>>> print(open('final_3.cif').read())   # mmCIF, N, CA and C atoms
data_final
#
loop_
_atom_site.label_atom_id
_atom_site.label_comp_id
_atom_site.auth_asym_id
_atom_site.auth_seq_id
_atom_site.Cartn_x
_atom_site.Cartn_y
_atom_site.Cartn_z
N MET M 9 -169.14 -29.35 -1.51
CA MET M 9 -169.79 -29.90 -2.69
C MET M 9 -169.39 -31.36 -2.85
N LEU M 10 -170.36 -32.22 -3.00
CA LEU M 10 -170.11 -33.64 -3.18
C LEU M 10 -169.89 -33.97 -4.65
N ASP M 11 -168.97 -34.89 -4.91
CA ASP M 11 -168.82 -35.33 -6.29
C ASP M 11 -169.96 -36.28 -6.65
N SER M 12 -170.07 -36.64 -7.89
CA SER M 12 -171.21 -37.44 -8.33
C SER M 12 -171.23 -38.83 -7.69
N TYR M 13 -170.07 -39.44 -7.45
CA TYR M 13 -170.03 -40.75 -6.82
C TYR M 13 -170.55 -40.67 -5.39
N SER M 14 -170.10 -39.66 -4.64
CA SER M 14 -170.54 -39.51 -3.25
C SER M 14 -172.03 -39.27 -3.16
N SER M 15 -172.56 -38.45 -4.02
CA SER M 15 -174.00 -38.19 -3.98
C SER M 15 -174.78 -39.44 -4.39
N LEU M 16 -174.25 -40.24 -5.31
CA LEU M 16 -174.88 -41.48 -5.71
C LEU M 16 -174.94 -42.45 -4.52
N VAL M 17 -173.82 -42.58 -3.81
CA VAL M 17 -173.75 -43.48 -2.66
C VAL M 17 -174.71 -43.03 -1.57
N LEU M 18 -174.81 -41.74 -1.32
CA LEU M 18 -175.69 -41.23 -0.28
C LEU M 18 -177.16 -41.48 -0.61
N ASN M 19 -177.51 -41.49 -1.87
CA ASN M 19 -178.89 -41.70 -2.28
C ASN M 19 -179.30 -43.17 -2.33
N LEU M 20 -178.34 -44.07 -2.24
CA LEU M 20 -178.66 -45.49 -2.28
C LEU M 20 -179.15 -45.97 -0.91
N GLY M 21 -179.90 -47.04 -0.91
CA GLY M 21 -180.34 -47.66 0.33
C GLY M 21 -179.20 -48.43 0.97
N VAL M 22 -179.41 -48.87 2.18
CA VAL M 22 -178.38 -49.60 2.91
C VAL M 22 -177.95 -50.86 2.16
N ARG M 23 -178.91 -51.61 1.66
CA ARG M 23 -178.60 -52.87 0.95
C ARG M 23 -177.73 -52.60 -0.28
N GLU M 24 -178.06 -51.57 -1.03
CA GLU M 24 -177.29 -51.25 -2.24
C GLU M 24 -175.88 -50.78 -1.89
N ARG M 25 -175.77 -49.99 -0.80
CA ARG M 25 -174.44 -49.54 -0.38
C ARG M 25 -173.57 -50.72 0.02
N LYS M 26 -174.15 -51.65 0.78
CA LYS M 26 -173.39 -52.83 1.19
C LYS M 26 -172.94 -53.62 -0.03
N LYS M 27 -173.82 -53.75 -1.02
CA LYS M 27 -173.49 -54.49 -2.23
C LYS M 27 -172.33 -53.81 -2.97
N MET M 28 -172.38 -52.47 -3.07
CA MET M 28 -171.30 -51.74 -3.74
C MET M 28 -169.98 -51.89 -3.00
N ILE M 29 -170.03 -51.81 -1.68
CA ILE M 29 -168.82 -51.95 -0.87
C ILE M 29 -168.26 -53.35 -1.04
N LYS M 30 -169.15 -54.36 -1.00
CA LYS M 30 -168.72 -55.75 -1.15
C LYS M 30 -168.04 -55.95 -2.51
N GLN M 31 -168.64 -55.41 -3.56
CA GLN M 31 -168.06 -55.56 -4.90
C GLN M 31 -166.70 -54.88 -4.98
N SER M 32 -166.57 -53.69 -4.39
CA SER M 32 -165.28 -53.00 -4.45
C SER M 32 -164.23 -53.73 -3.62
N LEU M 33 -164.64 -54.32 -2.48
CA LEU M 33 -163.70 -55.10 -1.67
C LEU M 33 -163.22 -56.33 -2.44
N LEU M 34 -164.15 -57.01 -3.08
CA LEU M 34 -163.77 -58.20 -3.84
C LEU M 34 -162.81 -57.84 -4.97
N LYS M 35 -163.05 -56.71 -5.60
CA LYS M 35 -162.17 -56.25 -6.68
C LYS M 35 -160.77 -55.95 -6.14
N GLU M 36 -160.72 -55.30 -4.98
CA GLU M 36 -159.42 -54.99 -4.35
C GLU M 36 -158.69 -56.28 -3.96
N ILE M 37 -159.43 -57.24 -3.41
CA ILE M 37 -158.81 -58.50 -2.97
C ILE M 37 -158.22 -59.25 -4.16
N LYS M 38 -158.91 -59.23 -5.30
CA LYS M 38 -158.38 -59.90 -6.50
C LYS M 38 -157.05 -59.32 -6.94
N GLY M 39 -156.83 -58.05 -6.63
CA GLY M 39 -155.59 -57.40 -7.05
C GLY M 39 -154.41 -57.60 -6.10
N LEU M 40 -154.63 -58.29 -4.98
CA LEU M 40 -153.57 -58.48 -4.00
C LEU M 40 -152.59 -59.57 -4.44
N GLU M 41 -151.36 -59.41 -4.01
CA GLU M 41 -150.33 -60.43 -4.23
C GLU M 41 -150.51 -61.55 -3.21
N LEU M 42 -149.84 -62.67 -3.43
CA LEU M 42 -149.99 -63.84 -2.56
C LEU M 42 -149.63 -63.53 -1.11
N ASP M 43 -148.53 -62.83 -0.88
CA ASP M 43 -148.12 -62.53 0.50
C ASP M 43 -149.14 -61.60 1.18
N GLU M 44 -149.73 -60.68 0.42
CA GLU M 44 -150.76 -59.81 0.97
C GLU M 44 -152.03 -60.59 1.30
N LEU M 45 -152.36 -61.58 0.46
CA LEU M 45 -153.52 -62.43 0.72
C LEU M 45 -153.32 -63.25 2.00
N MET M 46 -152.10 -63.71 2.21
CA MET M 46 -151.82 -64.49 3.42
C MET M 46 -151.96 -63.61 4.66
N LEU M 47 -151.50 -62.37 4.58
CA LEU M 47 -151.67 -61.43 5.70
C LEU M 47 -153.15 -61.16 5.95
N LEU M 48 -153.91 -60.96 4.88
CA LEU M 48 -155.35 -60.72 5.00
C LEU M 48 -156.05 -61.92 5.64
N GLN M 49 -155.67 -63.11 5.23
CA GLN M 49 -156.26 -64.31 5.80
C GLN M 49 -155.99 -64.40 7.30
N GLN M 50 -154.77 -64.09 7.72
CA GLN M 50 -154.43 -64.13 9.15
C GLN M 50 -155.21 -63.07 9.91
N TYR M 51 -155.35 -61.88 9.31
CA TYR M 51 -156.12 -60.81 9.95
C TYR M 51 -157.58 -61.23 10.14
N ILE M 52 -158.17 -61.84 9.13
CA ILE M 52 -159.56 -62.28 9.21
C ILE M 52 -159.72 -63.34 10.29
N THR M 53 -158.79 -64.29 10.35
CA THR M 53 -158.84 -65.34 11.37
C THR M 53 -158.76 -64.74 12.77
N ASP M 54 -157.83 -63.80 12.97
CA ASP M 54 -157.67 -63.15 14.27
C ASP M 54 -158.92 -62.35 14.64
N THR M 55 -159.49 -61.65 13.67
CA THR M 55 -160.69 -60.85 13.93
C THR M 55 -161.87 -61.73 14.29
N ARG M 56 -162.02 -62.85 13.59
CA ARG M 56 -163.11 -63.79 13.93
C ARG M 56 -162.94 -64.32 15.34
N ALA M 57 -161.71 -64.63 15.72
CA ALA M 57 -161.47 -65.15 17.07
C ALA M 57 -161.79 -64.09 18.12
N ASP M 58 -161.37 -62.84 17.88
CA ASP M 58 -161.66 -61.75 18.82
C ASP M 58 -163.15 -61.54 18.97
N LYS M 59 -163.87 -61.50 17.86
CA LYS M 59 -165.32 -61.30 17.92
C LYS M 59 -165.99 -62.46 18.65
N GLY M 60 -165.52 -63.66 18.40
CA GLY M 60 -166.08 -64.82 19.08
C GLY M 60 -165.86 -64.76 20.57
N ARG M 61 -164.66 -64.42 20.97
CA ARG M 61 -164.33 -64.34 22.39
C ARG M 61 -165.18 -63.29 23.09
N ASN M 62 -165.45 -62.18 22.42
CA ASN M 62 -166.19 -61.09 23.03
C ASN M 62 -167.68 -61.36 23.14
N THR M 63 -168.22 -62.26 22.33
CA THR M 63 -169.66 -62.49 22.33
C THR M 63 -170.05 -63.80 23.00
N MET M 64 -169.08 -64.65 23.31
CA MET M 64 -169.39 -65.94 23.92
C MET M 64 -169.05 -65.93 25.40
N SER M 65 -169.69 -66.85 26.13
CA SER M 65 -169.39 -66.99 27.55
C SER M 65 -169.61 -68.45 27.94
N VAL M 66 -169.20 -68.80 29.16
CA VAL M 66 -169.42 -70.16 29.64
C VAL M 66 -170.91 -70.43 29.64
N GLY M 67 -171.30 -71.57 29.10
CA GLY M 67 -172.71 -71.93 29.00
C GLY M 67 -173.33 -71.61 27.65
N SER M 68 -172.61 -70.85 26.81
CA SER M 68 -173.12 -70.52 25.48
C SER M 68 -173.23 -71.78 24.62
N LYS M 69 -174.33 -71.89 23.89
CA LYS M 69 -174.49 -72.98 22.94
C LYS M 69 -173.84 -72.57 21.63
N VAL M 70 -172.98 -73.43 21.11
CA VAL M 70 -172.21 -73.10 19.91
C VAL M 70 -172.21 -74.26 18.94
N TYR M 71 -171.85 -73.94 17.71
CA TYR M 71 -171.51 -74.95 16.72
C TYR M 71 -169.99 -74.95 16.60
N VAL M 72 -169.41 -76.13 16.52
CA VAL M 72 -168.00 -76.26 16.17
C VAL M 72 -168.00 -76.51 14.66
N VAL M 73 -167.45 -75.55 13.92
CA VAL M 73 -167.52 -75.59 12.46
C VAL M 73 -166.24 -76.20 11.90
N GLN M 74 -166.41 -77.30 11.19
CA GLN M 74 -165.30 -77.95 10.50
C GLN M 74 -165.55 -77.84 9.01
N LYS M 75 -164.65 -78.36 8.21
CA LYS M 75 -164.77 -78.21 6.76
C LYS M 75 -166.09 -78.74 6.22
N THR M 76 -166.51 -79.89 6.70
CA THR M 76 -167.68 -80.53 6.10
C THR M 76 -168.87 -80.68 7.04
N LYS M 77 -168.74 -80.23 8.30
CA LYS M 77 -169.86 -80.40 9.22
C LYS M 77 -169.84 -79.38 10.35
N LYS M 78 -170.99 -79.25 11.01
CA LYS M 78 -171.16 -78.41 12.19
C LYS M 78 -171.65 -79.32 13.31
N THR M 79 -171.01 -79.23 14.47
CA THR M 79 -171.42 -80.04 15.60
C THR M 79 -171.81 -79.13 16.75
N ALA M 80 -172.98 -79.36 17.33
CA ALA M 80 -173.45 -78.53 18.44
C ALA M 80 -172.72 -78.91 19.73
N GLY M 81 -172.51 -77.89 20.57
CA GLY M 81 -171.86 -78.11 21.86
C GLY M 81 -172.13 -76.95 22.79
N VAL M 82 -171.58 -77.05 24.02
CA VAL M 82 -171.74 -76.02 25.03
C VAL M 82 -170.36 -75.67 25.58
N ILE M 83 -170.06 -74.37 25.69
CA ILE M 83 -168.78 -73.94 26.24
C ILE M 83 -168.79 -74.19 27.75
N THR M 84 -167.75 -74.91 28.22
CA THR M 84 -167.65 -75.19 29.65
C THR M 84 -166.57 -74.34 30.33
N LYS M 85 -165.58 -73.89 29.55
CA LYS M 85 -164.52 -73.04 30.10
C LYS M 85 -163.93 -72.23 28.95
N MET M 86 -163.53 -70.98 29.27
CA MET M 86 -162.92 -70.13 28.25
C MET M 86 -161.47 -69.82 28.65
N ASN M 87 -160.55 -70.21 27.78
CA ASN M 87 -159.14 -69.90 27.96
C ASN M 87 -158.77 -68.78 26.99
N PRO M 88 -157.57 -68.20 27.10
CA PRO M 88 -157.22 -67.08 26.21
C PRO M 88 -157.33 -67.37 24.72
N LYS M 89 -156.92 -68.55 24.27
CA LYS M 89 -156.94 -68.82 22.84
C LYS M 89 -157.97 -69.87 22.42
N LYS M 90 -158.35 -70.73 23.34
CA LYS M 90 -159.28 -71.82 23.01
C LYS M 90 -160.32 -71.96 24.11
N ALA M 91 -161.47 -72.50 23.73
CA ALA M 91 -162.53 -72.77 24.69
C ALA M 91 -162.65 -74.28 24.86
N LEU M 92 -163.07 -74.70 26.05
CA LEU M 92 -163.40 -76.10 26.25
C LEU M 92 -164.87 -76.26 25.92
N VAL M 93 -165.18 -77.15 24.99
CA VAL M 93 -166.55 -77.32 24.51
C VAL M 93 -166.96 -78.77 24.73
N GLU M 94 -168.12 -78.96 25.36
CA GLU M 94 -168.65 -80.30 25.55
C GLU M 94 -169.53 -80.65 24.36
N MET M 95 -169.17 -81.75 23.69
CA MET M 95 -169.92 -82.24 22.54
C MET M 95 -170.05 -83.75 22.67
N SER M 96 -171.24 -84.24 22.57
CA SER M 96 -171.51 -85.69 22.60
C SER M 96 -170.87 -86.38 23.80
N GLY M 97 -170.91 -85.73 24.96
CA GLY M 97 -170.38 -86.32 26.17
C GLY M 97 -168.88 -86.21 26.34
N MET M 98 -168.18 -85.62 25.39
CA MET M 98 -166.73 -85.45 25.46
C MET M 98 -166.42 -83.95 25.51
N ILE M 99 -165.25 -83.60 26.07
CA ILE M 99 -164.83 -82.20 26.13
C ILE M 99 -163.63 -82.02 25.20
N TYR M 100 -163.71 -81.00 24.35
CA TYR M 100 -162.66 -80.72 23.37
C TYR M 100 -162.15 -79.29 23.53
N ARG M 101 -160.86 -79.09 23.27
CA ARG M 101 -160.28 -77.75 23.22
C ARG M 101 -160.42 -77.24 21.79
N VAL M 102 -161.16 -76.12 21.62
CA VAL M 102 -161.49 -75.64 20.27
C VAL M 102 -161.09 -74.17 20.14
N PRO M 103 -160.37 -73.79 19.07
CA PRO M 103 -160.05 -72.38 18.84
C PRO M 103 -161.34 -71.57 18.59
N TYR M 104 -161.34 -70.34 19.07
CA TYR M 104 -162.53 -69.49 18.92
C TYR M 104 -162.91 -69.28 17.46
N SER M 105 -161.94 -69.31 16.58
CA SER M 105 -162.24 -69.09 15.16
C SER M 105 -163.09 -70.22 14.57
N MET M 106 -163.16 -71.36 15.26
CA MET M 106 -163.98 -72.48 14.78
C MET M 106 -165.35 -72.52 15.43
N LEU M 107 -165.64 -71.57 16.33
CA LEU M 107 -166.91 -71.56 17.04
C LEU M 107 -167.88 -70.54 16.44
N GLU M 108 -169.14 -70.92 16.46
CA GLU M 108 -170.20 -70.06 15.94
C GLU M 108 -171.39 -70.19 16.91
N LEU M 109 -171.90 -69.05 17.40
CA LEU M 109 -173.04 -69.09 18.31
C LEU M 109 -174.26 -69.67 17.63
N ILE M 110 -175.04 -70.42 18.37
CA ILE M 110 -176.30 -70.98 17.83
C ILE M 110 -177.38 -69.92 17.97
#
>>> encode(input="final_3.cif", output="structure tokens")
Amino acid sequence: MLDSYSSLVLNLGVRERKKMIKQSLLKEIKGLELDELMLLQQYITDTRADKGRNTMSVGSKVYVVQKTKKTAGVITKMNPKKALVEMSGMIYRVPYSMLELI
């Protein structure tokens, strides 16, 4: 037997479920202490880097995302922690967490 919350969630569409999950996550995050937030931030950074590494390859067109701008480039080499990216005729070593596929 499902409780009323579970049956409500099952009857919602995908978009509504995602919205409910997002709201509950944001509520949980607000309740975290500073040290827990720092751990969460590190986890998110590591996860972004892992996902980037798994979906990118040499020759992939990427944006290098900085605080105020995005610069297009092409990955020329992939190292364990950083990729070599050619941008505007120069090659830069860029952490995967700063890369976004075009």
>>> residues_around(input="final_3.cif", residues="Glu94 (chain M)", least_positions_apart="4", cutoff="8 Å", atoms="all atoms listed in the file", output="JSON, numbers by chain")
{"M": [80, 81, 82, 83, 84, 85, 98, 99, 100, 101]}
>>> atom_distance(input="final_3.cif", atom1="atom N of Ile110 (chain M)", atom2="CA of Gln50 (chain M)")
23.4 Å
>>> residues_around(input="final_3.cif", residues="Leu109 (chain M)", least_positions_apart="3", cutoff="7 Å", atoms="only C-alpha atoms", output="list of chain:residue names")
M:Lys69, M:Val70, M:Tyr71
>>> residues_around(input="final_3.cif", residues="Met106 (chain M)", least_positions_apart="2", cutoff="6.5 Å", atoms="only N, CA and C atoms", output="list in words")
Tyr71, Val72, Val73, Gln74, Val102, Pro103, Tyr104 and Glu108 of chain M
>>> atom_distance(input="final_3.cif", atom1="CA of Arg25 (chain M)", atom2="CA of Lys38 (chain M)")
20.1 Å
>>> select_by_dssp(input="final_3.cif", residues="region 22-98 of chain M", states="alpha helix (DSSP H)", output="ChimeraX atom specification")
/M:22-38,42-63
>>> atom_distance(input="final_3.cif", atom1="atom C of Ser96 (chain M)", atom2="atom C of Asp54 (chain M)")
28.4 Å
>>> resolve_selection(input="final_3.cif", expression="the PyMOL selection byres ((chain M and resi 57) around 8)", output="VMD selection string")
chain M and resid 51 to 56 58 to 63 89 103 to 107
